[in-house]
file final_6.cif (mmCIF, C-alpha atoms and all ligand atoms)
data_protein
loop_
_atom_site.label_atom_id
_atom_site.label_comp_id
_atom_site.auth_asym_id
_atom_site.auth_seq_id
_atom_site.Cartn_x
_atom_site.Cartn_y
_atom_site.Cartn_z
CA MET Y 1 130.10 -202.10 29.63
CA SER Y 2 126.63 -201.05 28.53
CA ALA Y 3 125.80 -202.17 25.03
CA SER Y 4 122.96 -199.69 24.78
CA ALA Y 5 125.03 -196.55 25.32
CA ASP Y 6 125.90 -194.65 22.14
CA MET Y 7 129.30 -193.48 23.29
CA LEU Y 8 131.62 -193.73 26.22
CA HIS Y 9 132.34 -190.52 28.12
CA VAL Y 10 135.73 -190.48 29.82
CA ASP Y 11 136.39 -187.91 32.54
CA VAL Y 12 140.02 -186.84 32.72
CA MET Y 13 140.81 -184.84 35.88
CA ASP Y 14 144.17 -183.38 36.85
CA GLY Y 15 143.81 -182.36 40.49
CA ARG Y 16 144.20 -178.70 39.45
CA PHE Y 17 141.28 -177.71 37.24
CA VAL Y 18 139.16 -179.92 39.48
CA PRO Y 19 140.02 -181.31 42.91
CA ASN Y 20 140.04 -184.94 41.86
CA ILE Y 21 142.60 -186.87 39.82
CA THR Y 22 141.50 -189.61 37.48
CA ILE Y 23 143.16 -191.03 34.42
CA GLY Y 24 145.48 -190.11 31.58
CA PRO Y 25 146.24 -191.16 28.01
CA PRO Y 26 147.49 -194.72 28.80
CA VAL Y 27 144.14 -195.64 30.34
CA VAL Y 28 142.24 -194.04 27.44
CA LYS Y 29 144.37 -196.19 25.14
CA SER Y 30 143.37 -199.32 27.07
CA ILE Y 31 139.69 -198.34 26.96
CA ARG Y 32 140.06 -197.80 23.20
CA ARG Y 33 141.15 -201.42 22.85
CA ALA Y 34 138.22 -202.64 24.95
CA THR Y 35 135.31 -201.03 23.08
CA ARG Y 36 134.11 -200.03 19.64
CA LEU Y 37 131.97 -197.23 21.04
CA PRO Y 38 133.10 -193.70 20.21
CA LEU Y 39 135.28 -192.34 23.00
CA ASP Y 40 134.19 -188.94 24.20
CA VAL Y 41 137.10 -187.57 26.24
CA HIS Y 42 136.24 -184.73 28.60
CA LEU Y 43 139.42 -182.94 29.64
CA MET Y 44 139.01 -181.30 33.02
CA ILE Y 45 142.60 -180.17 33.09
CA VAL Y 46 144.47 -176.89 33.01
CA GLU Y 47 146.37 -176.02 29.83
CA PRO Y 48 144.67 -178.73 27.79
CA GLU Y 49 146.71 -177.65 24.74
CA ARG Y 50 149.70 -179.42 26.29
CA HIS Y 51 147.95 -182.80 26.32
CA VAL Y 52 145.42 -182.85 23.49
CA GLN Y 53 147.71 -184.68 21.07
CA ALA Y 54 148.34 -187.47 23.59
CA PHE Y 55 144.59 -188.09 23.82
CA VAL Y 56 144.24 -187.98 20.04
CA ASP Y 57 146.99 -190.61 19.82
CA ALA Y 58 145.30 -192.66 22.55
CA GLY Y 59 142.23 -193.01 20.33
CA ALA Y 60 139.77 -190.29 21.36
CA ASP Y 61 136.94 -189.61 18.88
CA ILE Y 62 135.62 -186.48 20.56
CA ILE Y 63 137.68 -184.16 22.77
CA SER Y 64 136.08 -181.59 25.07
CA VAL Y 65 138.17 -178.78 26.48
CA HIS Y 66 136.98 -176.28 29.05
CA ALA Y 67 136.68 -172.65 27.97
CA GLU Y 68 137.95 -171.72 31.45
CA ALA Y 69 141.11 -173.81 31.13
CA THR Y 70 142.86 -172.26 28.14
CA PHE Y 71 143.78 -168.77 26.96
CA HIS Y 72 143.59 -169.67 23.26
CA LEU Y 73 140.32 -171.47 22.78
CA ASN Y 74 139.95 -170.87 19.03
CA ARG Y 75 143.40 -172.14 18.26
CA LEU Y 76 142.98 -175.22 20.41
CA LEU Y 77 139.61 -176.16 18.91
CA GLY Y 78 141.11 -175.74 15.45
CA GLU Y 79 143.94 -178.07 16.42
CA ILE Y 80 141.54 -180.72 17.71
CA ARG Y 81 139.56 -180.63 14.48
CA SER Y 82 142.61 -180.78 12.27
CA SER Y 83 143.77 -183.83 14.22
CA GLY Y 84 140.67 -185.61 12.89
CA CYS Y 85 138.76 -185.63 16.20
CA ARG Y 86 135.44 -183.97 16.79
CA ALA Y 87 135.90 -180.86 18.91
CA ALA Y 88 133.77 -179.80 21.84
CA VAL Y 89 133.91 -176.93 24.27
CA ALA Y 90 132.80 -177.29 27.89
CA ILE Y 91 131.63 -174.72 30.41
CA ASN Y 92 131.23 -174.95 34.17
CA PRO Y 93 127.97 -173.94 35.87
CA ALA Y 94 129.41 -170.52 36.77
CA THR Y 95 130.52 -169.72 33.20
CA GLY Y 96 128.19 -167.81 30.88
CA LEU Y 97 127.54 -168.52 27.22
CA GLY Y 98 129.61 -165.46 26.33
CA ALA Y 99 132.68 -167.64 26.85
CA VAL Y 100 131.73 -169.90 23.93
CA GLU Y 101 129.49 -167.90 21.58
CA HIS Y 102 132.44 -166.90 19.40
CA VAL Y 103 133.53 -170.51 18.81
CA LEU Y 104 130.19 -172.20 18.12
CA HIS Y 105 130.96 -172.45 14.40
CA MET Y 106 134.19 -174.34 15.27
CA VAL Y 107 132.72 -177.08 17.43
CA ASP Y 108 130.58 -180.16 16.99
CA MET Y 109 129.29 -180.05 20.53
CA VAL Y 110 129.00 -177.82 23.58
CA LEU Y 111 129.18 -179.53 26.95
CA VAL Y 112 127.16 -177.67 29.57
CA MET Y 113 128.20 -178.87 33.01
CA THR Y 114 125.16 -179.39 35.19
CA VAL Y 115 127.26 -179.90 38.33
CA ASN Y 116 130.59 -178.42 39.36
CA PRO Y 117 132.99 -180.96 37.89
CA GLY Y 118 135.22 -183.14 40.00
CA PHE Y 119 133.14 -185.84 41.60
CA GLY Y 120 130.41 -188.26 40.63
CA GLY Y 121 127.05 -188.60 42.30
CA GLN Y 122 126.15 -184.91 42.58
CA ARG Y 123 122.69 -183.43 42.17
CA MET Y 124 121.96 -181.49 39.00
CA ILE Y 125 122.13 -177.69 39.20
CA GLU Y 126 118.87 -176.88 37.43
CA GLU Y 127 119.84 -173.27 36.63
CA ALA Y 128 122.39 -174.66 34.17
CA LEU Y 129 119.50 -175.78 31.97
CA VAL Y 130 118.64 -172.13 31.30
CA LYS Y 131 121.95 -171.93 29.47
CA VAL Y 132 121.05 -175.06 27.53
CA SER Y 133 117.85 -173.50 26.21
CA GLU Y 134 119.58 -170.22 25.38
CA LEU Y 135 122.28 -172.12 23.56
CA ARG Y 136 119.73 -174.16 21.59
CA ASP Y 137 118.06 -170.89 20.54
CA ILE Y 138 121.37 -169.38 19.44
CA ALA Y 139 122.29 -172.51 17.46
CA GLU Y 140 118.91 -172.51 15.72
CA ARG Y 141 119.13 -168.81 14.91
CA ARG Y 142 122.58 -169.31 13.38
CA GLY Y 143 121.59 -172.50 11.58
CA LEU Y 144 124.19 -174.59 13.41
CA SER Y 145 123.54 -178.30 13.93
CA LEU Y 146 125.12 -178.33 17.33
CA ASP Y 147 125.07 -181.19 19.79
CA ILE Y 148 124.40 -179.97 23.32
CA GLN Y 149 125.66 -182.31 25.99
CA VAL Y 150 124.74 -182.19 29.65
CA ASP Y 151 127.02 -183.74 32.23
CA GLY Y 152 126.22 -184.10 35.93
CA GLY Y 153 123.26 -185.33 37.91
CA ILE Y 154 121.51 -186.94 34.95
CA THR Y 155 119.00 -189.52 36.19
CA GLU Y 156 115.62 -190.89 35.19
CA GLY Y 157 114.18 -187.93 37.12
CA THR Y 158 116.18 -185.13 35.43
CA VAL Y 159 116.83 -186.30 31.87
CA ALA Y 160 113.43 -185.15 30.56
CA GLN Y 161 114.03 -181.60 31.83
CA ALA Y 162 117.43 -181.53 30.13
CA ALA Y 163 115.97 -182.85 26.87
CA LEU Y 164 113.18 -180.27 26.93
CA ALA Y 165 115.74 -177.52 27.46
CA GLY Y 166 117.45 -178.58 24.23
CA ALA Y 167 120.14 -181.07 25.22
CA ASN Y 168 120.53 -184.08 22.95
CA VAL Y 169 123.58 -185.82 24.44
CA PHE Y 170 123.33 -187.02 28.03
CA VAL Y 171 126.21 -188.13 30.21
CA ALA Y 172 125.29 -190.45 33.03
CA GLY Y 173 127.77 -191.91 35.48
CA SER Y 174 126.52 -192.87 38.92
CA TYR Y 175 122.98 -193.41 37.68
CA VAL Y 176 124.12 -196.04 35.20
CA PHE Y 177 127.04 -197.63 37.00
CA GLY Y 178 125.22 -197.66 40.32
CA ALA Y 179 122.27 -199.49 38.78
CA VAL Y 180 121.74 -203.21 39.20
CA ASP Y 181 121.33 -203.43 35.43
CA PRO Y 182 123.32 -200.67 33.66
CA ASP Y 183 121.85 -201.49 30.24
CA ASP Y 184 118.38 -201.12 31.64
CA ALA Y 185 119.35 -197.78 33.24
CA VAL Y 186 120.55 -196.44 29.86
CA ALA Y 187 117.36 -197.68 28.22
CA ARG Y 188 115.25 -195.89 30.84
CA LEU Y 189 117.15 -192.62 30.31
CA LYS Y 190 116.57 -192.85 26.58
CA LEU Y 191 112.91 -193.64 27.11
CA GLU Y 192 112.36 -190.66 29.44
CA ALA Y 193 114.20 -188.26 27.11
CA GLY Y 194 112.25 -189.59 24.13
CA LYS Y 195 108.91 -189.21 25.90
CA ALA Y 196 109.70 -185.62 26.85
CA LEU Y 197 110.62 -184.73 23.28
CA ALA Y 198 107.54 -186.44 21.86
CA GLN Y 199 105.35 -184.36 24.18
CA LYS Y 200 107.15 -181.18 23.18
CA SER Y 201 106.60 -181.64 19.43
ZN ZN T 1 132.40 -185.40 32.01
#

call {"tool": "encode", "arguments": {"input": "final_6.cif", "output": "structure tokens"}}
result
Amino acid sequence: MSASADMLHVDVMDGRFVPNITIGPPVVKSIRRATRLPLDVHLMIVEPERHVQAFVDAGADIISVHAEATFHLNRLLGEIRSSGCRAAVAINPATGLGAVEHVLHMVDMVLVMTVNPGFGGQRMIEEALVKVSELRDIAERRGLSLDIQVDGGITEGTVAQAALAGANVFVAGSYVFGAVDPDDAVARLKLEAGKALAQKS
């Protein structure tokens, strides 16, 4: 496990919202015992309201639910927050910001998918970064201190672009776990993002 990562992002897939199936609450519970890093649980599942409590109980610190996966987004985000977890809303590449603009005051983070979720190792869809910059503008206009997370295709070659667009939380899977030295890979991502932001300011 990389000591230089700031949190651990856990992808939960149900074989319905996304084609793949990954893990459920028991595994999250085991991961919780194995690390002190905050657990950022990304629920790529239909009807997340049915399972949120199980992930809270398993030890999640942040729970992301997809705007596309539930009919009652406000209520669900409220429930996540009142459980003591940080709440985040996620959108797929094909989903516009209109799906989340009304809940921005209720979340700590927005997760903008930069690939279609379901599998690791995909290339970043650069058009998704347009949404990241629009979202950063909206957050600034409304005075919201919103974390914007990007998930999918983040590498040493793409992280700077994402940072410049306004993202400040970067999920990396294949790039880190496929590296000979995962700690070094995380350090390089942070360096590239930092350099881009220093140039911007
Ligand atoms: Zn994810």

call {"tool": "closest_residue", "arguments": {"input": "final_6.cif", "among": "Y:Cys85, Y:Leu76, Y:Ala160, Y:Ala90", "to": "ligand ZN 1 (chain T)", "atoms": "all atoms listed in the file"}}
result
Y:Ala90

call {"tool": "closest_residue", "arguments": {"input": "final_6.cif", "among": "Y:Leu135, Y:Ala172, Y:Ala162, Y:Val46", "to": "ligand ZN 1 (chain T)", "atoms": "only C-alpha atoms and all ligand atoms"}}
result
Y:Ala172

call {"tool": "closest_residue", "arguments": {"input": "final_6.cif", "among": "Y:Ile91, Y:Leu73, Y:Ala128, Y:Val56", "to": "ligand ZN 1 (chain T)", "atoms": "only C-alpha atoms and all ligand atoms"}}
result
Y:Ile91

call {"tool": "closest_atom_pairs", "arguments": {"input": "final_6.cif", "of": "segment 84-165 of chain Y", "to": "segment 185-201 of chain Y", "cutoff": "8 Å", "atoms": "only C-alpha atoms", "output": "JSON lines"}}
result
{"residue": "Y:Thr155", "atom": "CA", "partner": "Y:Leu189", "partner_atom": "CA", "distance": 6.9}
{"residue": "Y:Glu156", "atom": "CA", "partner": "Y:Leu189", "partner_atom": "CA", "distance": 5.4}
{"residue": "Y:Val159", "atom": "CA", "partner": "Y:Ala193", "partner_atom": "CA", "distance": 5.8}
{"residue": "Y:Ala160", "atom": "CA", "partner": "Y:Ala193", "partner_atom": "CA", "distance": 4.7}
{"residue": "Y:Gln161", "atom": "CA", "partner": "Y:Ala196", "partner_atom": "CA", "distance": 7.7}
{"residue": "Y:Ala163", "atom": "CA", "partner": "Y:Ala193", "partner_atom": "CA", "distance": 5.7}
{"residue": "Y:Leu164", "atom": "CA", "partner": "Y:Leu197", "partner_atom": "CA", "distance": 6.3}

call {"tool": "residues_near_ligand", "arguments": {"input": "final_6.cif", "ligand": "ligand ZN 1 (chain T)", "cutoff": "8 Å", "atoms": "all atoms listed in the file", "output": "number ranges by chain"}}
result
Y: 9-12, 41-44, 113, 117, 151-152, 171

call {"tool": "axis_aligned_box", "arguments": {"input": "final_6.cif", "around": "segment 96-114 of chain Y", "padding_each_side": "5 Å", "output": "JSON"}}
result
{"center_x": 129.7, "center_y": -172.8, "center_z": 24.8, "size_x": 19.0, "size_y": 24.7, "size_z": 30.8}

call {"tool": "atom_distance", "arguments": {"input": "final_6.cif", "atom1": "atom CA of Val110 of chain Y", "atom2": "atom CA of His51 of chain Y"}}
result
19.8 Å

call {"tool": "closest_residue", "arguments": {"input": "final_6.cif", "among": "Y:Lys131, Y:His66, Y:Arg75, Y:Arg123", "to": "Gly96 of chain Y", "atoms": "only C-alpha atoms"}}
result
Y:Lys131

call {"tool": "atom_distance", "arguments": {"input": "final_6.cif", "atom1": "atom CA of Val107 of chain Y", "atom2": "atom CA of Gln53 of chain Y"}}
result
17.2 Å

call {"tool": "residues_around", "arguments": {"input": "final_6.cif", "residues": "Gly78 of chain Y", "least_positions_apart": "4", "cutoff": "10 Å", "atoms": "only C-alpha atoms", "output": "list in words"}}
result
Leu73, Asn74, Ser82, Ser83, Ala87, Val103, Met106 and Val107 of chain Y

call {"tool": "atom_distance", "arguments": {"input": "final_6.cif", "atom1": "atom CA of Leu8 of chain Y", "atom2": "atom CA of Ile62 of chain Y"}}
result
10.0 Å
